[in-house]
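Structure file data28.cif (mmCIF, C-alpha atoms and all ligand atoms) follows.
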data_model
#
loop_
_atom_site.group_PDB
_atom_site.id
_atom_site.type_symbol
_atom_site.label_atom_id
_atom_site.label_comp_id
_atom_site.auth_asym_id
_atom_site.auth_seq_id
_atom_site.Cartn_x
_atom_site.Cartn_y
_atom_site.Cartn_z
ATOM 1 C CA MET A 129 -13.694 23.287 14.787
ATOM 2 C CA PRO A 130 -13.761 20.211 12.475
ATOM 3 C CA ASP A 131 -11.776 17.083 13.389
ATOM 4 C CA GLN A 132 -8.282 17.183 11.937
ATOM 5 C CA TYR A 133 -6.482 14.489 9.964
ATOM 6 C CA ALA A 134 -3.461 14.577 7.651
ATOM 7 C CA VAL A 135 -1.004 12.579 5.602
ATOM 8 C CA ILE A 136 2.593 12.939 6.700
ATOM 9 C CA GLY A 137 5.555 12.160 4.442
ATOM 10 C CA ASN A 138 8.560 13.500 2.595
ATOM 11 C CA PRO A 139 7.850 14.274 -0.176
ATOM 12 C CA VAL A 140 4.109 14.632 0.264
ATOM 13 C CA ALA A 141 3.110 17.335 -2.224
ATOM 14 C CA HIS A 142 2.049 14.714 -4.794
ATOM 15 C CA SER A 143 -0.192 12.796 -2.369
ATOM 16 C CA ARG A 144 -3.765 12.286 -3.517
ATOM 17 C CA SER A 145 -4.942 11.304 -0.039
ATOM 18 C CA PRO A 146 -6.416 14.766 0.770
ATOM 19 C CA GLN A 147 -8.666 14.562 -2.279
ATOM 20 C CA ILE A 148 -9.710 11.003 -1.409
ATOM 21 C CA HIS A 149 -10.556 11.785 2.220
ATOM 22 C CA ALA A 150 -12.377 14.980 1.273
ATOM 23 C CA GLU A 151 -14.592 12.854 -0.985
ATOM 24 C CA PHE A 152 -15.119 10.237 1.735
ATOM 25 C CA ALA A 153 -16.070 12.968 4.221
ATOM 26 C CA ARG A 154 -18.486 14.579 1.769
ATOM 27 C CA GLN A 155 -20.041 11.219 0.927
ATOM 28 C CA THR A 156 -20.571 10.230 4.584
ATOM 29 C CA GLY A 157 -21.409 13.708 5.906
ATOM 30 C CA GLN A 158 -18.425 13.874 8.246
ATOM 31 C CA ASP A 159 -17.104 17.239 9.397
ATOM 32 C CA LEU A 160 -13.333 16.951 9.109
ATOM 33 C CA THR A 161 -10.241 18.444 7.515
ATOM 34 C CA TYR A 162 -7.427 16.458 5.902
ATOM 35 C CA GLU A 163 -4.157 18.162 5.010
ATOM 36 C CA ARG A 164 -0.639 17.365 3.839
ATOM 37 C CA LEU A 165 2.179 17.506 6.406
ATOM 38 C CA LEU A 166 5.721 17.696 5.096
ATOM 39 C CA ALA A 167 8.095 16.501 7.835
ATOM 40 C CA PRO A 168 11.865 16.939 7.604
ATOM 41 C CA ALA A 169 13.675 13.631 7.020
ATOM 42 C CA ASN A 170 14.843 13.592 10.654
ATOM 43 C CA GLY A 171 11.824 15.372 12.128
ATOM 44 C CA PHE A 172 8.997 12.829 12.043
ATOM 45 C CA MET A 173 8.364 12.611 15.792
ATOM 46 C CA GLU A 174 8.401 16.382 16.315
ATOM 47 C CA ALA A 175 5.970 16.906 13.448
ATOM 48 C CA VAL A 176 3.588 14.241 14.799
ATOM 49 C CA LYS A 177 3.713 15.682 18.314
ATOM 50 C CA ALA A 178 2.997 19.174 17.009
ATOM 51 C CA PHE A 179 0.020 17.856 15.061
ATOM 52 C CA GLN A 180 -1.287 16.026 18.138
ATOM 53 C CA ALA A 181 -0.774 19.158 20.257
ATOM 54 C CA ARG A 182 -3.050 21.192 17.995
ATOM 55 C CA GLY A 183 -5.785 18.590 18.324
ATOM 56 C CA GLY A 184 -5.074 16.276 15.362
ATOM 57 C CA LEU A 185 -6.915 12.958 15.648
ATOM 58 C CA GLY A 186 -5.190 10.776 13.106
ATOM 59 C CA LEU A 187 -2.500 10.506 10.450
ATOM 60 C CA ASN A 188 -1.763 8.547 7.352
ATOM 61 C CA VAL A 189 1.940 7.880 7.120
ATOM 62 C CA THR A 190 3.757 7.550 3.831
ATOM 63 C CA LEU A 191 7.377 7.239 2.698
ATOM 64 C CA PRO A 192 9.845 7.296 4.326
ATOM 65 C CA PHE A 193 8.232 7.222 7.788
ATOM 66 C CA LYS A 194 6.276 3.945 8.023
ATOM 67 C CA ALA A 195 8.930 2.247 10.158
ATOM 68 C CA GLU A 196 9.207 5.288 12.459
ATOM 69 C CA ALA A 197 5.439 5.362 12.826
ATOM 70 C CA PHE A 198 5.605 1.697 13.837
ATOM 71 C CA GLY A 199 8.011 2.706 16.604
ATOM 72 C CA TYR A 200 5.880 5.693 17.622
ATOM 73 C CA ALA A 201 2.663 3.712 18.148
ATOM 74 C CA THR A 202 2.004 2.463 21.682
ATOM 75 C CA ARG A 203 -0.662 -0.048 20.593
ATOM 76 C CA LEU A 204 -0.465 -2.024 17.354
ATOM 77 C CA SER A 205 -2.879 -4.040 15.237
ATOM 78 C CA GLY A 206 -1.868 -7.575 14.303
ATOM 79 C CA ARG A 207 -1.371 -6.603 10.676
ATOM 80 C CA ALA A 208 0.886 -3.675 11.646
ATOM 81 C CA SER A 209 2.953 -6.009 13.826
ATOM 82 C CA ALA A 210 3.264 -8.472 10.941
ATOM 83 C CA ALA A 211 4.285 -5.738 8.506
ATOM 84 C CA GLN A 212 6.533 -3.970 11.025
ATOM 85 C CA ALA A 213 5.259 -0.796 9.433
ATOM 86 C CA VAL A 214 2.415 1.605 10.197
ATOM 87 C CA ASN A 215 0.524 3.703 7.657
ATOM 88 C CA THR A 216 -2.337 4.776 9.942
ATOM 89 C CA LEU A 217 -2.096 6.415 13.352
ATOM 90 C CA LYS A 218 -5.085 7.130 15.563
ATOM 91 C CA PHE A 219 -4.579 9.283 18.624
ATOM 92 C CA GLU A 220 -6.576 7.908 21.524
ATOM 93 C CA ASP A 221 -6.897 9.264 25.064
ATOM 94 C CA ASP A 222 -4.084 7.213 26.513
ATOM 95 C CA ALA A 223 -2.540 5.505 23.498
ATOM 96 C CA VAL A 224 -1.330 5.968 19.943
ATOM 97 C CA PHE A 225 -2.922 3.211 17.885
ATOM 98 C CA GLY A 226 -0.893 2.086 14.852
ATOM 99 C CA ASP A 227 -2.374 0.049 12.013
ATOM 100 C CA ASN A 228 -1.388 -0.921 8.497
ATOM 101 C CA THR A 229 -4.096 -0.802 5.842
ATOM 102 C CA ASP A 230 -1.840 -1.273 2.796
ATOM 103 C CA GLY A 231 -2.386 -5.023 2.541
ATOM 104 C CA THR A 232 -6.146 -4.701 2.899
ATOM 105 C CA GLY A 233 -5.976 -2.002 0.225
ATOM 106 C CA LEU A 234 -4.186 -4.260 -2.238
ATOM 107 C CA ILE A 235 -6.471 -7.225 -1.558
ATOM 108 C CA GLY A 236 -9.571 -5.024 -1.856
ATOM 109 C CA ASP A 237 -8.412 -3.582 -5.159
ATOM 110 C CA ILE A 238 -7.587 -6.968 -6.684
ATOM 111 C CA THR A 239 -10.663 -8.829 -5.452
ATOM 112 C CA HIS A 240 -13.271 -6.050 -5.392
ATOM 113 C CA ASN A 241 -12.302 -3.487 -8.048
ATOM 114 C CA LEU A 242 -10.524 -5.834 -10.460
ATOM 115 C CA GLY A 243 -12.771 -8.802 -9.677
ATOM 116 C CA ARG A 244 -9.946 -11.336 -9.369
ATOM 117 C CA ASP A 245 -9.751 -14.210 -6.919
ATOM 118 C CA ILE A 246 -6.428 -14.606 -5.160
ATOM 119 C CA ALA A 247 -7.464 -17.920 -3.601
ATOM 120 C CA GLY A 248 -6.010 -20.823 -5.550
ATOM 121 C CA ARG A 249 -3.862 -18.580 -7.785
ATOM 122 C CA ARG A 250 -0.106 -18.595 -8.282
ATOM 123 C CA VAL A 251 1.058 -15.225 -6.978
ATOM 124 C CA LEU A 252 4.441 -13.602 -7.554
ATOM 125 C CA LEU A 253 5.472 -10.632 -5.420
ATOM 126 C CA LEU A 254 8.479 -8.590 -6.565
ATOM 127 C CA GLY A 255 10.551 -6.747 -3.955
ATOM 128 C CA ALA A 256 11.441 -7.233 -0.304
ATOM 129 C CA GLY A 257 11.227 -3.707 1.102
ATOM 130 C CA GLY A 258 8.535 -2.064 3.207
ATOM 131 C CA ALA A 259 5.955 -2.121 0.428
ATOM 132 C CA ALA A 260 6.288 -5.885 -0.004
ATOM 133 C CA ARG A 261 6.381 -6.543 3.741
ATOM 134 C CA GLY A 262 3.015 -4.834 4.209
ATOM 135 C CA VAL A 263 1.198 -7.157 1.817
ATOM 136 C CA ILE A 264 2.714 -10.629 2.406
ATOM 137 C CA MET A 265 0.498 -11.712 5.306
ATOM 138 C CA PRO A 266 -2.718 -10.333 3.778
ATOM 139 C CA LEU A 267 -1.885 -12.156 0.513
ATOM 140 C CA LEU A 268 -1.227 -15.422 2.370
ATOM 141 C CA LEU A 269 -4.521 -15.097 4.232
ATOM 142 C CA GLN A 270 -6.283 -15.226 0.849
ATOM 143 C CA GLN A 271 -4.897 -18.762 0.453
ATOM 144 C CA PRO A 272 -3.203 -18.522 -2.927
ATOM 145 C CA ALA A 273 -1.987 -21.782 -4.528
ATOM 146 C CA SER A 274 1.513 -20.377 -3.958
ATOM 147 C CA LEU A 275 3.157 -17.106 -2.984
ATOM 148 C CA THR A 276 6.648 -16.510 -4.367
ATOM 149 C CA LEU A 277 8.689 -13.526 -3.255
ATOM 150 C CA ALA A 278 11.452 -12.576 -5.684
ATOM 151 C CA ASN A 279 14.017 -9.898 -5.042
ATOM 152 C CA ARG A 280 17.222 -8.562 -6.613
ATOM 153 C CA THR A 281 18.979 -9.125 -3.280
ATOM 154 C CA LEU A 282 18.054 -12.676 -2.308
ATOM 155 C CA ALA A 283 19.277 -12.286 1.284
ATOM 156 C CA LYS A 284 16.562 -9.681 1.953
ATOM 157 C CA ALA A 285 13.875 -12.034 0.681
ATOM 158 C CA GLN A 286 15.295 -14.839 2.800
ATOM 159 C CA ALA A 287 15.276 -12.648 5.905
ATOM 160 C CA LEU A 288 11.583 -11.923 5.308
ATOM 161 C CA GLN A 289 10.894 -15.606 4.804
ATOM 162 C CA GLN A 290 12.430 -16.300 8.205
ATOM 163 C CA THR A 291 9.969 -13.960 9.916
ATOM 164 C CA ILE A 292 6.927 -15.180 7.951
ATOM 165 C CA GLY A 293 7.636 -18.915 8.041
ATOM 166 C CA ALA A 294 5.601 -21.453 6.114
ATOM 167 C CA GLY A 295 3.788 -20.551 2.933
ATOM 168 C CA LEU A 296 6.257 -18.099 1.458
ATOM 169 C CA GLU A 297 8.728 -19.229 -1.164
ATOM 170 C CA VAL A 298 11.671 -17.014 -2.183
ATOM 171 C CA SER A 299 13.549 -16.692 -5.447
ATOM 172 C CA THR A 300 15.993 -14.587 -7.407
ATOM 173 C CA TYR A 301 14.685 -13.021 -10.610
ATOM 174 C CA ALA A 302 16.809 -15.341 -12.761
ATOM 175 C CA GLU A 303 15.443 -18.439 -11.007
ATOM 176 C CA LEU A 304 11.927 -17.486 -12.105
ATOM 177 C CA ALA A 305 12.759 -18.541 -15.683
ATOM 178 C CA GLY A 306 10.365 -21.219 -16.934
ATOM 179 C CA ARG A 307 7.704 -20.522 -14.280
ATOM 180 C CA GLN A 308 4.273 -18.959 -14.736
ATOM 181 C CA PHE A 309 2.030 -16.942 -12.440
ATOM 182 C CA ASP A 310 -1.600 -15.795 -12.449
ATOM 183 C CA ILE A 311 -0.969 -12.582 -10.487
ATOM 184 C CA VAL A 312 2.312 -10.640 -10.499
ATOM 185 C CA VAL A 313 2.600 -7.681 -8.120
ATOM 186 C CA ASN A 314 5.467 -5.216 -8.378
ATOM 187 C CA ALA A 315 6.292 -3.937 -4.883
ATOM 188 C CA THR A 316 9.807 -2.761 -5.751
ATOM 189 C CA SER A 317 10.566 0.938 -5.907
ATOM 190 C CA ALA A 318 12.147 0.445 -9.346
ATOM 191 C CA SER A 319 9.310 2.283 -11.117
ATOM 192 C CA LEU A 320 10.170 5.429 -9.149
ATOM 193 C CA THR A 321 13.437 5.696 -11.049
ATOM 194 C CA GLY A 322 12.054 4.425 -14.348
ATOM 195 C CA ALA A 323 13.834 1.093 -13.851
ATOM 196 C CA LEU A 324 12.612 -2.457 -14.357
ATOM 197 C CA PRO A 325 13.562 -5.509 -12.275
ATOM 198 C CA GLN A 326 15.464 -7.942 -14.509
ATOM 199 C CA LEU A 327 12.673 -10.422 -15.084
ATOM 200 C CA PRO A 328 12.823 -13.387 -17.432
ATOM 201 C CA SER A 329 10.342 -13.624 -20.293
ATOM 202 C CA GLY A 330 7.286 -15.901 -20.062
ATOM 203 C CA LEU A 331 6.253 -15.241 -16.428
ATOM 204 C CA PHE A 332 2.640 -14.373 -17.136
ATOM 205 C CA ALA A 333 0.131 -17.216 -17.478
ATOM 206 C CA GLY A 334 -2.765 -16.640 -19.902
ATOM 207 C CA GLY A 335 -5.017 -13.874 -18.556
ATOM 208 C CA ALA A 336 -2.554 -13.015 -15.781
ATOM 209 C CA LEU A 337 -3.003 -9.824 -13.800
ATOM 210 C CA ALA A 338 0.039 -7.518 -13.729
ATOM 211 C CA TYR A 339 -0.159 -5.078 -10.812
ATOM 212 C CA ASP A 340 2.223 -2.211 -10.067
ATOM 213 C CA MET A 341 1.784 -0.729 -6.590
ATOM 214 C CA MET A 342 3.098 2.562 -7.991
ATOM 215 C CA TYR A 343 0.680 5.110 -9.425
ATOM 216 C CA GLY A 344 0.677 8.496 -11.060
ATOM 217 C CA VAL A 345 3.791 8.045 -13.155
ATOM 218 C CA GLY A 346 2.103 7.007 -16.408
ATOM 219 C CA GLU A 347 2.678 3.451 -17.579
ATOM 220 C CA THR A 348 5.517 2.115 -15.449
ATOM 221 C CA PRO A 349 8.369 0.107 -17.017
ATOM 222 C CA PHE A 350 6.952 -2.974 -15.267
ATOM 223 C CA LEU A 351 3.492 -2.533 -16.792
ATOM 224 C CA ALA A 352 5.012 -1.783 -20.203
ATOM 225 C CA PHE A 353 6.996 -5.040 -19.898
ATOM 226 C CA ALA A 354 3.881 -6.917 -18.778
ATOM 227 C CA ARG A 355 1.911 -5.575 -21.735
ATOM 228 C CA VAL A 356 4.548 -6.787 -24.194
ATOM 229 C CA GLU A 357 4.589 -10.143 -22.394
ATOM 230 C CA GLY A 358 0.840 -10.509 -22.943
ATOM 231 C CA ALA A 359 -0.445 -9.895 -19.392
ATOM 232 C CA ALA A 360 -3.996 -8.587 -19.095
ATOM 233 C CA PRO A 361 -5.373 -6.804 -17.228
ATOM 234 C CA LEU A 362 -2.735 -4.291 -16.197
ATOM 235 C CA ALA A 363 -3.302 -2.268 -13.018
ATOM 236 C CA ASP A 364 -1.521 0.577 -11.270
ATOM 237 C CA GLY A 365 -1.703 1.253 -7.518
ATOM 238 C CA LEU A 366 -4.353 3.974 -7.564
ATOM 239 C CA GLY A 367 -7.105 1.533 -6.593
ATOM 240 C CA MET A 368 -4.976 0.255 -3.717
ATOM 241 C CA LEU A 369 -4.479 3.842 -2.560
ATOM 242 C CA VAL A 370 -8.225 4.450 -2.453
ATOM 243 C CA GLU A 371 -8.917 1.132 -0.717
ATOM 244 C CA GLN A 372 -6.264 1.626 1.968
ATOM 245 C CA ALA A 373 -7.627 5.130 2.524
ATOM 246 C CA ALA A 374 -11.136 3.728 3.017
ATOM 247 C CA GLU A 375 -9.830 1.324 5.644
ATOM 248 C CA SER A 376 -8.054 4.194 7.442
ATOM 249 C CA PHE A 377 -11.259 6.233 7.296
ATOM 250 C CA PHE A 378 -13.088 3.309 8.875
ATOM 251 C CA ILE A 379 -10.509 3.102 11.684
ATOM 252 C CA TRP A 380 -10.936 6.808 12.438
ATOM 253 C CA ARG A 381 -14.640 7.335 11.836
ATOM 254 C CA GLY A 382 -16.264 3.880 12.064
ATOM 255 C CA LEU A 383 -17.835 4.322 8.615
ATOM 256 C CA ARG A 384 -17.063 2.587 5.325
ATOM 257 C CA PRO A 385 -17.169 4.941 2.352
ATOM 258 C CA ASP A 386 -18.071 3.772 -1.135
ATOM 259 C CA THR A 387 -14.741 3.627 -2.964
ATOM 260 C CA ALA A 388 -15.891 3.100 -6.552
ATOM 261 C CA PRO A 389 -17.043 6.696 -7.294
ATOM 262 C CA VAL A 390 -13.915 8.096 -5.645
ATOM 263 C CA LEU A 391 -11.606 5.928 -7.739
ATOM 264 C CA LYS A 392 -13.527 6.957 -10.832
ATOM 265 C CA LEU A 393 -13.176 10.625 -9.914
ATOM 266 C CA LEU A 394 -9.427 10.236 -9.337
ATOM 267 C CA ARG A 395 -8.980 8.591 -12.737
ATOM 268 C CA GLN A 396 -10.835 11.495 -14.332
ATOM 269 C CA THR A 397 -8.703 14.088 -12.575
ATOM 270 C CA ALA A 398 -5.335 12.392 -13.142
ATOM 271 C CA VAL A 399 -2.400 14.693 -12.396
HETATM 272 P P1 LIG A 401 9.951 0.278 -0.067
HETATM 273 O O1 LIG A 401 9.732 0.596 1.367
HETATM 274 O O2 LIG A 401 9.298 1.241 -1.026
HETATM 275 O O3 LIG A 401 9.653 -1.125 -0.426
HETATM 276 P P2 LIG A 401 12.795 -0.204 0.153
HETATM 277 O O4 LIG A 401 12.642 -0.780 1.505
HETATM 278 O O5 LIG A 401 13.932 0.706 -0.135
HETATM 279 O O6 LIG A 401 11.523 0.589 -0.304
HETATM 280 O O7 LIG A 401 12.833 -1.432 -0.895
HETATM 281 C C1 LIG A 401 12.940 -1.194 -2.243
HETATM 282 C C2 LIG A 401 12.708 -2.490 -2.998
HETATM 283 O O8 LIG A 401 12.771 -2.227 -4.401
HETATM 284 C C3 LIG A 401 13.748 -3.561 -2.739
HETATM 285 O O9 LIG A 401 13.160 -4.829 -2.878
HETATM 286 C C4 LIG A 401 14.767 -3.295 -3.863
HETATM 287 O O10 LIG A 401 15.562 -4.414 -4.195
HETATM 288 P P3 LIG A 401 16.903 -4.727 -3.333
HETATM 289 O O11 LIG A 401 16.434 -5.297 -2.037
HETATM 290 O O12 LIG A 401 17.641 -5.698 -4.158
HETATM 291 O O13 LIG A 401 17.585 -3.393 -3.191
HETATM 292 C C5 LIG A 401 13.823 -2.987 -4.985
HETATM 293 N N1 LIG A 401 14.421 -2.220 -6.080
HETATM 294 C C6 LIG A 401 14.667 -0.881 -6.110
HETATM 295 N N2 LIG A 401 15.190 -0.528 -7.301
HETATM 296 C C7 LIG A 401 15.264 -1.659 -8.051
HETATM 297 C C8 LIG A 401 15.705 -1.952 -9.385
HETATM 298 N N3 LIG A 401 16.173 -1.003 -10.175
HETATM 299 N N4 LIG A 401 15.636 -3.238 -9.808
HETATM 300 C C9 LIG A 401 15.151 -4.207 -9.020
HETATM 301 N N5 LIG A 401 14.723 -3.999 -7.748
HETATM 302 C C10 LIG A 401 14.780 -2.742 -7.279
#

Will you turn the file into structure tokens for me?
Ligand code: ATR
Amino acid sequence: MPDQYAVIGNPVAHSRSPQIHAEFARQTGQDLTYERLLAPANGFMEAVKAFQARGGLGLNVTLPFKAEAFGYATRLSGRASAAQAVNTLKFEDDAVFGDNTDGTGLIGDITHNLGRDIAGRRVLLLGAGGAARGVIMPLLLQQPASLTLANRTLAKAQALQQTIGAGLEVSTYAELAGRQFDIVVNATSASLTGALPQLPSGLFAGGALAYDMMYGVGETPFLAFARVEGAAPLADGLGMLVEQAAESFFIWRGLRPDTAPVLKLLRQTAV
């Protein structure tokens, strides 16, 4: 019987992770299965236990369960502790290892796929929810010139700043007026509802990268705004998805797949 992996979430039907991991497995000659697991909103733990009981070796965890997965893990990586969220579980003999590969995924996509340095750049991160939390420390480790976290609800950004400490500056959207950034990352969930954070005009420096962590919804309102504001290039979160998947695959299998052909394939088979 092949080794079993899955992505667990609610909803999960739209997830492209099974296609990505099937490609990774084919590429590296690994004998494994990777399925979608839909867990009821209040049934995460039961679903994970059932998967473990039938021999499952690892899970990717997506919305809305990343915080619950953090609680479920008995051993955590440093980056999962920093993010207080887990997107990768590995079932070991006497432990459940929890990691978070989202930040590595974002950094890999920006620096490797998009060929942009983060070091020395002015970076603006929009949002203060789980998606933002997962990428703050990895962004800071790249040593940007500055990292500014802006959120609709300032108190949430301030609470995050308290846990991170030095190096992170916080702002409301209105207070961003008159400032410019080289990289602007949208980690709000606004795109999910077709909404746009209320950003002032003029945020994008010449040649600035506009990055929406969302994918698969066509051009998001944020990227449409960025286009009108003159940002280029524009990027959605599909590359981040592939990169975080590769890091999860490495955690489970000890092998690093080649992400470029898989990202290309996904772009060709857009749903
Ligand atoms: P996630 O785990 O996906 O980050 P979350 O924890 O619910 O989800 O956080 C959602 C983020 O998107 C928050 O930063 C939220 O802003 P608030 O903290 O002010 O609620 C942001 N967000 C969602 N819809 C938004 C909108 N229409 N405009 C601006 N920000 C929005």

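Closest approach to Leu191 in chain A among A:Ala153, A:Ala167, A:Ile148, A:Val356 is made by A:Ala167 (distances from all atoms listed in the file).
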
Which residues come within 7 Å of Leu204 in chain A, counting all atoms listed in the file, excluding same-chain residues fewer than 5 positions away, as a PyMOL selection string? chain A and resi 209+225-227

With C-alpha atoms kept, could you save the residues just selected as an mmCIF file, in the coordinates of the input?
data_model
loop_
_atom_site.group_PDB
_atom_site.id
_atom_site.type_symbol
_atom_site.label_atom_id
_atom_site.label_comp_id
_atom_site.auth_asym_id
_atom_site.auth_seq_id
_atom_site.Cartn_x
_atom_site.Cartn_y
_atom_site.Cartn_z
ATOM 1 C CA SER A 209 2.953 -6.009 13.826
ATOM 2 C CA PHE A 225 -2.922 3.211 17.885
ATOM 3 C CA GLY A 226 -0.893 2.086 14.852
ATOM 4 C CA ASP A 227 -2.374 0.049 12.013
#

Can you pull out every residue with an atom within 10 Å of ligand LIG 401 (chain A)? Use all atoms listed in the file and format it as a VMD selection string. chain A and resid 190 to 195 213 253 to 262 277 to 285 300 to 301 314 to 327 341 to 342

Would you compute the distance between CA of Phe332 in chain A and CA of Lys392 in chain A? Give it in Å to one decimal.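 Taking CA of Phe332 in chain A as the start and CA of Lys392 in chain A as the end point, the length is 27.5 Å.
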
Using all atoms listed in the file, which protein or nucleic acid residues come within 8 Å of Gly335 in chain A? Drop anything in the same chain fewer than 2 positions from it, and give the result as number ranges by chain. A: 310, 332-333, 337, 359-361

Just want the 7 Å neighbourhood of range 264-272 of chain A, counted on all atoms listed in the file, with same-chain residues fewer than 6 positions away dropped. Output as a PyMOL selection string. chain A and resi 231-232+246-251

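Taking CA of Val176 in chain A as the reference point, CA of Leu366 in chain A is found at 25.9 Å.
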
For His149 in chain A, which residue among A:Leu187, A:Ala211, A:Ala181, A:Ala336 is the nearest when counting only C-alpha atoms? A:Leu187

Residue by residue, what does the PyMOL selection byres (((chain A and resi 159) around 9) and not hetatm) grab here? Present the result as a ChimeraX atom specification. /A:129-131,153-154,157-158,160-161

Edge lengths and centre in Å to one decimal, as AutoDock Vina command-line options, of the axis-aligned box that encloses all listed atoms of range 143-150 of chain A with 4 Å added on every side?
--center_x -6.3 --center_y 13.0 --center_z -0.6 --size_x 20.2 --size_y 12.0 --size_z 13.7

Record the distance separating CA of Ala352 in chain A and CA of Pro139 in chain A, expressed in Å with one decimal. 25.8 Å

For a quick check of understanding, using only C-alpha atoms, which of A:Gly183, A:Pro168, A:Tyr343, A:Phe152 has the smallest distance to Asp386 in chain A? A:Phe152
